[in-house]
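Undergrad: What follows is my_file13.txt, compact mmCIF, N, CA and C atoms.
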```
# COMPACT_ATOMS: atom_id res chain seq x y z
N MET A 15 -52.91 5.66 99.50
CA MET A 15 -51.64 5.14 99.98
C MET A 15 -51.48 3.78 99.35
N GLU A 16 -50.45 3.59 98.60
CA GLU A 16 -50.28 2.34 97.89
C GLU A 16 -49.78 1.23 98.79
N GLU A 17 -48.82 1.49 99.64
CA GLU A 17 -48.33 0.46 100.53
C GLU A 17 -48.78 0.80 101.95
N LYS A 18 -48.84 -0.21 102.79
CA LYS A 18 -49.25 0.01 104.16
C LYS A 18 -48.14 0.71 104.92
N LEU A 19 -48.52 1.48 105.90
CA LEU A 19 -47.58 2.22 106.72
C LEU A 19 -47.34 1.44 108.01
N ASN A 20 -46.08 1.20 108.34
CA ASN A 20 -45.72 0.48 109.56
C ASN A 20 -45.10 1.47 110.54
N VAL A 21 -45.70 1.57 111.72
CA VAL A 21 -45.23 2.47 112.75
C VAL A 21 -45.15 1.70 114.06
N ASP A 22 -43.95 1.54 114.58
CA ASP A 22 -43.75 0.87 115.87
C ASP A 22 -44.50 -0.46 115.95
N GLY A 23 -44.41 -1.26 114.92
CA GLY A 23 -45.05 -2.58 114.91
C GLY A 23 -46.52 -2.56 114.57
N LEU A 24 -47.08 -1.41 114.31
CA LEU A 24 -48.49 -1.28 113.94
C LEU A 24 -48.57 -1.07 112.43
N THR A 25 -49.40 -1.87 111.76
CA THR A 25 -49.61 -1.71 110.33
C THR A 25 -50.93 -0.99 110.11
N ILE A 26 -50.88 0.11 109.37
CA ILE A 26 -52.06 0.92 109.11
C ILE A 26 -52.54 0.63 107.69
N ALA A 27 -53.79 0.24 107.56
CA ALA A 27 -54.37 -0.14 106.28
C ALA A 27 -54.49 1.06 105.34
N PRO A 28 -54.46 0.78 104.03
CA PRO A 28 -54.65 1.86 103.06
C PRO A 28 -55.99 2.57 103.30
N GLY A 29 -56.00 3.85 103.18
CA GLY A 29 -57.22 4.63 103.34
C GLY A 29 -57.40 5.23 104.72
N VAL A 30 -56.78 4.65 105.73
CA VAL A 30 -56.95 5.16 107.09
C VAL A 30 -56.34 6.56 107.22
N VAL A 31 -55.14 6.74 106.73
CA VAL A 31 -54.48 8.04 106.83
C VAL A 31 -55.25 9.08 106.03
N GLU A 32 -55.71 8.70 104.84
CA GLU A 32 -56.48 9.64 104.03
C GLU A 32 -57.75 10.08 104.75
N THR A 33 -58.41 9.16 105.46
CA THR A 33 -59.62 9.50 106.20
C THR A 33 -59.31 10.45 107.35
N ILE A 34 -58.26 10.18 108.10
CA ILE A 34 -57.85 11.06 109.19
C ILE A 34 -57.60 12.46 108.66
N LEU A 35 -56.86 12.55 107.57
CA LEU A 35 -56.53 13.86 107.01
C LEU A 35 -57.74 14.55 106.42
N SER A 36 -58.60 13.81 105.78
CA SER A 36 -59.81 14.39 105.21
C SER A 36 -60.67 15.05 106.28
N LEU A 37 -60.83 14.37 107.40
CA LEU A 37 -61.61 14.93 108.50
C LEU A 37 -60.97 16.19 109.06
N ALA A 38 -59.65 16.18 109.21
CA ALA A 38 -58.95 17.34 109.76
C ALA A 38 -58.98 18.53 108.80
N ILE A 39 -58.71 18.28 107.54
CA ILE A 39 -58.65 19.35 106.55
C ILE A 39 -60.01 19.96 106.29
N SER A 40 -61.06 19.16 106.35
CA SER A 40 -62.41 19.67 106.09
C SER A 40 -62.85 20.70 107.13
N GLN A 41 -62.18 20.76 108.28
CA GLN A 41 -62.51 21.72 109.33
C GLN A 41 -61.82 23.08 109.15
N ILE A 42 -60.94 23.18 108.17
CA ILE A 42 -60.19 24.42 107.95
C ILE A 42 -61.08 25.44 107.25
N GLU A 43 -61.11 26.64 107.82
CA GLU A 43 -61.92 27.71 107.23
C GLU A 43 -61.38 28.07 105.85
N GLY A 44 -62.25 28.12 104.88
CA GLY A 44 -61.87 28.46 103.51
C GLY A 44 -61.81 27.26 102.58
N VAL A 45 -61.68 26.05 103.13
CA VAL A 45 -61.66 24.85 102.30
C VAL A 45 -63.09 24.51 101.91
N ALA A 46 -63.37 24.54 100.62
CA ALA A 46 -64.70 24.24 100.12
C ALA A 46 -64.87 22.75 99.87
N VAL A 47 -63.90 22.15 99.18
CA VAL A 47 -63.96 20.75 98.80
C VAL A 47 -62.56 20.17 98.84
N ILE A 48 -62.45 18.96 99.36
CA ILE A 48 -61.18 18.25 99.27
C ILE A 48 -61.26 17.41 98.01
N GLY A 49 -60.34 17.63 97.10
CA GLY A 49 -60.34 16.93 95.82
C GLY A 49 -60.39 17.92 94.69
N ALA A 50 -59.78 17.53 93.60
CA ALA A 50 -59.75 18.36 92.40
C ALA A 50 -61.07 18.22 91.66
N PRO A 51 -61.37 19.19 90.80
CA PRO A 51 -62.52 18.99 89.92
C PRO A 51 -62.35 17.68 89.16
N ARG A 52 -63.42 17.02 88.90
CA ARG A 52 -63.39 15.69 88.28
C ARG A 52 -62.59 15.69 86.97
N MET A 53 -61.67 14.75 86.89
CA MET A 53 -60.91 14.52 85.66
C MET A 53 -61.19 13.09 85.23
N SER A 54 -61.22 12.87 83.95
CA SER A 54 -61.45 11.51 83.48
C SER A 54 -60.26 10.64 83.82
N GLU A 55 -60.50 9.35 83.95
CA GLU A 55 -59.42 8.42 84.25
C GLU A 55 -58.35 8.44 83.17
N GLY A 56 -58.75 8.66 81.91
CA GLY A 56 -57.79 8.73 80.82
C GLY A 56 -56.83 9.90 80.98
N VAL A 57 -57.36 11.04 81.40
CA VAL A 57 -56.51 12.21 81.62
C VAL A 57 -55.58 11.95 82.80
N MET A 58 -56.11 11.35 83.87
CA MET A 58 -55.28 11.04 85.03
C MET A 58 -54.15 10.09 84.65
N SER A 59 -54.46 9.08 83.83
CA SER A 59 -53.43 8.14 83.40
C SER A 59 -52.38 8.83 82.54
N ALA A 60 -52.82 9.71 81.66
CA ALA A 60 -51.89 10.43 80.80
C ALA A 60 -50.95 11.31 81.61
N LEU A 61 -51.44 11.84 82.72
CA LEU A 61 -50.61 12.67 83.59
C LEU A 61 -49.82 11.84 84.59
N ASN A 62 -49.97 10.51 84.51
CA ASN A 62 -49.28 9.59 85.41
C ASN A 62 -49.65 9.85 86.87
N LYS A 63 -50.93 10.14 87.11
CA LYS A 63 -51.42 10.40 88.46
C LYS A 63 -52.37 9.30 88.87
N ARG A 64 -52.27 8.90 90.13
CA ARG A 64 -53.21 7.93 90.69
C ARG A 64 -54.43 8.70 91.17
N HIS A 65 -55.59 8.17 90.89
CA HIS A 65 -56.83 8.80 91.32
C HIS A 65 -57.01 8.61 92.81
N ALA A 66 -57.27 9.68 93.52
CA ALA A 66 -57.53 9.59 94.96
C ALA A 66 -58.97 10.00 95.21
N ASN A 67 -59.72 9.12 95.84
CA ASN A 67 -61.12 9.40 96.09
C ASN A 67 -61.32 10.66 96.92
N GLN A 68 -60.47 10.90 97.88
CA GLN A 68 -60.65 12.03 98.76
C GLN A 68 -59.76 13.21 98.40
N GLY A 69 -59.01 13.14 97.33
CA GLY A 69 -58.13 14.24 96.96
C GLY A 69 -56.86 14.27 97.78
N ILE A 70 -56.55 13.16 98.44
CA ILE A 70 -55.36 13.07 99.28
C ILE A 70 -54.57 11.85 98.85
N ILE A 71 -53.30 12.04 98.56
CA ILE A 71 -52.43 10.93 98.20
C ILE A 71 -51.28 10.91 99.20
N VAL A 72 -51.09 9.75 99.84
CA VAL A 72 -50.06 9.60 100.85
C VAL A 72 -49.05 8.57 100.37
N THR A 73 -47.77 8.92 100.45
CA THR A 73 -46.70 8.01 100.09
C THR A 73 -45.84 7.77 101.32
N ALA A 74 -45.65 6.51 101.67
CA ALA A 74 -44.86 6.16 102.86
C ALA A 74 -43.49 5.65 102.44
N GLU A 75 -42.47 6.11 103.18
CA GLU A 75 -41.11 5.63 102.93
C GLU A 75 -40.29 5.82 104.20
N ASP A 76 -39.74 4.74 104.71
CA ASP A 76 -38.90 4.77 105.91
C ASP A 76 -39.59 5.44 107.09
N GLU A 77 -40.84 5.09 107.33
CA GLU A 77 -41.66 5.63 108.41
C GLU A 77 -41.80 7.14 108.38
N MET A 78 -41.57 7.73 107.22
CA MET A 78 -41.84 9.15 106.97
C MET A 78 -42.84 9.18 105.82
N ILE A 79 -43.73 10.13 105.84
CA ILE A 79 -44.71 10.18 104.77
C ILE A 79 -44.71 11.53 104.08
N THR A 80 -45.07 11.47 102.82
CA THR A 80 -45.28 12.66 102.01
C THR A 80 -46.74 12.68 101.63
N VAL A 81 -47.34 13.84 101.73
CA VAL A 81 -48.77 13.98 101.48
C VAL A 81 -48.99 14.97 100.35
N GLU A 82 -49.89 14.61 99.45
CA GLU A 82 -50.33 15.50 98.37
C GLU A 82 -51.82 15.75 98.60
N VAL A 83 -52.19 17.02 98.77
CA VAL A 83 -53.57 17.38 99.06
C VAL A 83 -54.10 18.27 97.94
N HIS A 84 -55.22 17.87 97.37
CA HIS A 84 -55.90 18.66 96.34
C HIS A 84 -57.18 19.22 96.94
N VAL A 85 -57.33 20.55 96.87
CA VAL A 85 -58.51 21.20 97.44
C VAL A 85 -59.06 22.25 96.49
N GLN A 86 -60.29 22.62 96.78
CA GLN A 86 -60.90 23.80 96.18
C GLN A 86 -61.20 24.73 97.34
N VAL A 87 -60.97 26.02 97.14
CA VAL A 87 -61.07 27.00 98.21
C VAL A 87 -62.18 27.99 97.88
N TYR A 88 -62.85 28.46 98.93
CA TYR A 88 -63.88 29.49 98.73
C TYR A 88 -63.25 30.80 98.31
N HIS A 89 -63.93 31.50 97.40
CA HIS A 89 -63.51 32.81 96.94
C HIS A 89 -63.45 33.75 98.15
N GLY A 90 -62.43 34.59 98.19
CA GLY A 90 -62.30 35.58 99.25
C GLY A 90 -61.30 35.20 100.32
N PHE A 91 -60.85 33.96 100.34
CA PHE A 91 -59.85 33.54 101.31
C PHE A 91 -58.47 33.66 100.69
N ARG A 92 -57.49 34.03 101.48
CA ARG A 92 -56.11 34.16 100.99
C ARG A 92 -55.54 32.77 100.78
N LEU A 93 -55.20 32.46 99.56
CA LEU A 93 -54.75 31.12 99.19
C LEU A 93 -53.49 30.69 99.94
N PRO A 94 -52.46 31.54 100.07
CA PRO A 94 -51.27 31.10 100.82
C PRO A 94 -51.59 30.76 102.28
N GLU A 95 -52.51 31.49 102.89
CA GLU A 95 -52.87 31.22 104.28
C GLU A 95 -53.62 29.90 104.42
N VAL A 96 -54.53 29.63 103.49
CA VAL A 96 -55.27 28.36 103.51
C VAL A 96 -54.29 27.20 103.31
N ALA A 97 -53.37 27.35 102.35
CA ALA A 97 -52.38 26.29 102.09
C ALA A 97 -51.51 26.04 103.31
N GLU A 98 -51.08 27.09 103.99
CA GLU A 98 -50.25 26.92 105.19
C GLU A 98 -51.04 26.25 106.31
N GLN A 99 -52.30 26.60 106.45
CA GLN A 99 -53.14 25.94 107.45
C GLN A 99 -53.31 24.46 107.14
N ILE A 100 -53.44 24.13 105.86
CA ILE A 100 -53.54 22.72 105.45
C ILE A 100 -52.25 21.99 105.81
N ARG A 101 -51.11 22.60 105.53
CA ARG A 101 -49.82 21.96 105.86
C ARG A 101 -49.69 21.70 107.35
N SER A 102 -49.97 22.70 108.17
CA SER A 102 -49.79 22.53 109.62
C SER A 102 -50.82 21.57 110.20
N THR A 103 -52.06 21.63 109.74
CA THR A 103 -53.09 20.71 110.22
C THR A 103 -52.76 19.28 109.86
N THR A 104 -52.26 19.08 108.65
CA THR A 104 -51.88 17.74 108.18
C THR A 104 -50.76 17.17 109.05
N ALA A 105 -49.72 17.97 109.26
CA ALA A 105 -48.58 17.51 110.06
C ALA A 105 -49.01 17.21 111.50
N ASP A 106 -49.83 18.08 112.08
CA ASP A 106 -50.29 17.89 113.45
C ASP A 106 -51.15 16.63 113.58
N ALA A 107 -52.06 16.42 112.63
CA ALA A 107 -52.95 15.25 112.69
C ALA A 107 -52.16 13.96 112.57
N LEU A 108 -51.19 13.93 111.69
CA LEU A 108 -50.40 12.72 111.52
C LEU A 108 -49.51 12.44 112.72
N LYS A 109 -48.95 13.47 113.29
CA LYS A 109 -48.08 13.28 114.45
C LYS A 109 -48.91 12.82 115.66
N SER A 110 -50.07 13.44 115.88
CA SER A 110 -50.84 13.11 117.07
C SER A 110 -51.63 11.81 116.94
N GLN A 111 -52.13 11.49 115.76
CA GLN A 111 -52.99 10.32 115.62
C GLN A 111 -52.29 9.08 115.08
N VAL A 112 -51.24 9.28 114.29
CA VAL A 112 -50.56 8.13 113.68
C VAL A 112 -49.16 7.96 114.29
N GLY A 113 -48.57 9.04 114.76
CA GLY A 113 -47.26 8.96 115.36
C GLY A 113 -46.11 8.98 114.38
N VAL A 114 -46.33 9.59 113.22
CA VAL A 114 -45.27 9.68 112.22
C VAL A 114 -44.98 11.14 111.90
N ASP A 115 -43.75 11.38 111.50
CA ASP A 115 -43.37 12.71 111.05
C ASP A 115 -43.64 12.81 109.55
N VAL A 116 -43.87 14.01 109.12
CA VAL A 116 -44.19 14.26 107.72
C VAL A 116 -42.96 14.84 107.03
N ALA A 117 -42.57 14.23 105.92
CA ALA A 117 -41.45 14.74 105.14
C ALA A 117 -41.86 16.00 104.39
N ALA A 118 -43.07 15.98 103.79
CA ALA A 118 -43.56 17.13 103.03
C ALA A 118 -45.07 17.05 102.89
N VAL A 119 -45.70 18.21 102.82
CA VAL A 119 -47.13 18.31 102.49
C VAL A 119 -47.22 19.25 101.30
N ASN A 120 -47.58 18.71 100.16
CA ASN A 120 -47.72 19.49 98.93
C ASN A 120 -49.19 19.79 98.73
N VAL A 121 -49.54 21.08 98.70
CA VAL A 121 -50.93 21.51 98.58
C VAL A 121 -51.16 22.03 97.16
N PHE A 122 -52.23 21.53 96.55
CA PHE A 122 -52.63 21.97 95.21
C PHE A 122 -54.02 22.57 95.31
N ILE A 123 -54.14 23.85 95.02
CA ILE A 123 -55.45 24.51 94.99
C ILE A 123 -55.92 24.42 93.55
N ASP A 124 -56.86 23.51 93.34
CA ASP A 124 -57.30 23.16 91.99
C ASP A 124 -58.55 23.90 91.55
N GLY A 125 -59.11 24.72 92.41
CA GLY A 125 -60.31 25.44 92.00
C GLY A 125 -60.75 26.40 93.08
N ILE A 126 -61.59 27.35 92.65
CA ILE A 126 -62.20 28.33 93.55
C ILE A 126 -63.70 28.14 93.46
N GLN A 127 -64.37 28.15 94.59
CA GLN A 127 -65.82 28.06 94.61
C GLN A 127 -66.39 29.32 95.25
N PHE A 128 -67.56 29.68 94.84
CA PHE A 128 -68.23 30.84 95.39
C PHE A 128 -69.24 30.39 96.42
N MET A 129 -69.29 31.10 97.56
CA MET A 129 -70.26 30.78 98.59
C MET A 129 -71.64 31.20 98.12
N GLU A 130 -72.60 30.40 98.49
CA GLU A 130 -73.99 30.72 98.07
C GLU A 130 -74.68 31.55 99.10
```
Since I need it in another form, could you write the structure as structure tokens?

TA:
Amino acid sequence: MEEKLNVDGLTIAPGVVETILSLAISQIEGVAVIGAPRMSEGVMSALNKRHANQGIIVTAEDEMITVEVHVQVYHGFRLPEVAEQIRSTTADALKSQVGVDVAAVNVFIDGIQFME
């Protein structure tokens, strides 16, 4: 999150929302890893993307937020169902813990992992 989020006079520091979401999303069945496979900083810059340590990028505007979530999913899980669960979990976590509505949750499934 590049700028701080202000909600009802409360300022939330960068990284707090990403941590809340990371904890919530990691509990979803089928999510193997939060974050895309490692890309070099040069490639990220060329794609005009900011590197997110946890695979979550939050943009705040007018007390509404947009979330971009990058995950890897275990083989055998239905991708649309996992993505929908990520969307609803993200919106629920932000509403209950931060008190903000979500404008959009964009889910990117960047890889498939096999269970050992």

Undergrad: Skip Val119 in chain A itself and residues of its chain fewer than 4 positions away, then list as a PyMOL selection string all residues within 10 Å of it, counting only C-alpha atoms.

TA: chain A and resi 72+79-83+97-98+100-102+104-105

Undergrad: For the atom pair CA of Asp106 in chain A and CA of Gly23 in chain A, what is the interatomic distance in Å to one decimal place?

TA: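 Here the two named atoms are 21.2 Å from each other.
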
Undergrad: CA of Ala46 in chain A and atom N of Val116 in chain A, how far apart in Å?

TA: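 CA of Ala46 in chain A lies at a distance of 24.9 Å from atom N of Val116 in chain A.
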
Undergrad: Quick one: everything within 12 Å of Gln41 in chain A, counting only C-alpha atoms, minus sequence neighbours fewer than 5 positions away in the same chain. Send it as a list in words.

TA: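 Once the nearby chain positions are removed, what remains is Ile34, Leu35, Ser36, Ala46, Val47, Ile48, Val96, Gln99, Ile100, Thr103 and Thr104 of chain A.
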
Undergrad: Just list the residues in chain A DSSP gives strand (DSSP E) on the backbone, as an MDAnalysis selection string.

TA: chainID A and resid 19:21 24:26 45:48 70:75 78:88 115:127

Undergrad: Please provide as a list of chain:residue names all residues within 8 Å of Met129 in chain A, with the sequence filter that same-chain residues fewer than 2 positions apart are discarded (counting only C-alpha atoms).

TA: A:Tyr88, A:His89, A:Gln127

Undergrad: Expressed in Å to a single decimal, how great is the separation between atom N of Ala50 in chain A and atom N of Phe128 in chain A?

TA: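 Straight-line distance from atom N of Ala50 in chain A to atom N of Phe128 in chain A works out to 14.5 Å.
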
Undergrad: Set the distance at 8 Å and use all atoms listed in the file: which residues neighbour Met78 in chain A once local chain neighbours fewer than 3 positions away are removed? I'd like the list as a VMD selection string.

TA: chain A and resid 20 73 to 75 81 114 to 118

Undergrad: For the selection you just gave me, I'd like the residues written to a file as a PDB file, keeping the file's coordinate frame, keeping N, CA and C atoms.

TA:
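Okay, result-v5.pdb is ready:
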```pdb
ATOM      1  N   ASN A  20     -46.080   1.200 108.340  1.00  0.00           N
ATOM      2  CA  ASN A  20     -45.720   0.480 109.560  1.00  0.00           C
ATOM      3  C   ASN A  20     -45.100   1.470 110.540  1.00  0.00           C
ATOM      4  N   THR A  73     -47.770   8.920 100.450  1.00  0.00           N
ATOM      5  CA  THR A  73     -46.700   8.010 100.090  1.00  0.00           C
ATOM      6  C   THR A  73     -45.840   7.770 101.320  1.00  0.00           C
ATOM      7  N   ALA A  74     -45.650   6.510 101.670  1.00  0.00           N
ATOM      8  CA  ALA A  74     -44.860   6.160 102.860  1.00  0.00           C
ATOM      9  C   ALA A  74     -43.490   5.650 102.440  1.00  0.00           C
ATOM     10  N   GLU A  75     -42.470   6.110 103.180  1.00  0.00           N
ATOM     11  CA  GLU A  75     -41.110   5.630 102.930  1.00  0.00           C
ATOM     12  C   GLU A  75     -40.290   5.820 104.200  1.00  0.00           C
ATOM     13  N   VAL A  81     -47.340  13.840 101.730  1.00  0.00           N
ATOM     14  CA  VAL A  81     -48.770  13.980 101.480  1.00  0.00           C
ATOM     15  C   VAL A  81     -48.990  14.970 100.350  1.00  0.00           C
ATOM     16  N   VAL A 114     -46.330   9.590 113.220  1.00  0.00           N
ATOM     17  CA  VAL A 114     -45.270   9.680 112.220  1.00  0.00           C
ATOM     18  C   VAL A 114     -44.980  11.140 111.900  1.00  0.00           C
ATOM     19  N   ASP A 115     -43.750  11.380 111.500  1.00  0.00           N
ATOM     20  CA  ASP A 115     -43.370  12.710 111.050  1.00  0.00           C
ATOM     21  C   ASP A 115     -43.640  12.810 109.550  1.00  0.00           C
ATOM     22  N   VAL A 116     -43.870  14.010 109.120  1.00  0.00           N
ATOM     23  CA  VAL A 116     -44.190  14.260 107.720  1.00  0.00           C
ATOM     24  C   VAL A 116     -42.960  14.840 107.030  1.00  0.00           C
ATOM     25  N   ALA A 117     -42.570  14.230 105.920  1.00  0.00           N
ATOM     26  CA  ALA A 117     -41.450  14.740 105.140  1.00  0.00           C
ATOM     27  C   ALA A 117     -41.860  16.000 104.390  1.00  0.00           C
ATOM     28  N   ALA A 118     -43.070  15.980 103.790  1.00  0.00           N
ATOM     29  CA  ALA A 118     -43.560  17.130 103.030  1.00  0.00           C
ATOM     30  C   ALA A 118     -45.070  17.050 102.890  1.00  0.00           C
TER      31      ALA A 118
END
```

Undergrad: In terms of the shortest atom-to-atom distance over only N, CA and C atoms, which of A:Val45, A:Ile39, A:Leu108, A:Glu130 is closest to Val87 in chain A?

TA: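 Nearest to Val87 in chain A: A:Val45.
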
Undergrad: Please determine, counting only C-alpha atoms, which residue among A:Asp76, A:Ile42, A:Gln111, A:Leu93 has the shortest atom-to-atom distance to Leu19 in chain A.

TA: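 Among A:Asp76, A:Ile42, A:Gln111, A:Leu93, it is A:Asp76 that comes nearest to Leu19 in chain A.
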
Undergrad: Have a look at A:Ile71, A:Ile126, A:Ala27, A:Val21 and name the one nearest to Val112 in chain A; count only N, CA and C atoms.

TA: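 Comparing A:Ile71, A:Ile126, A:Ala27, A:Val21 against Val112 in chain A, the winner is A:Val21.
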
Undergrad: Kindly provide, as AutoDock Vina command-line options, the centre and edge lengths (Å, one decimal) of an axis-aligned box around all atoms of range 67-79 of chain A given in the file, with 3 Å on each side.

TA:
```
--center_x -50.1 --center_y 9.5 --center_z 102.1 --size_x 28.4 --size_y 15.5 --size_z 18.6
```
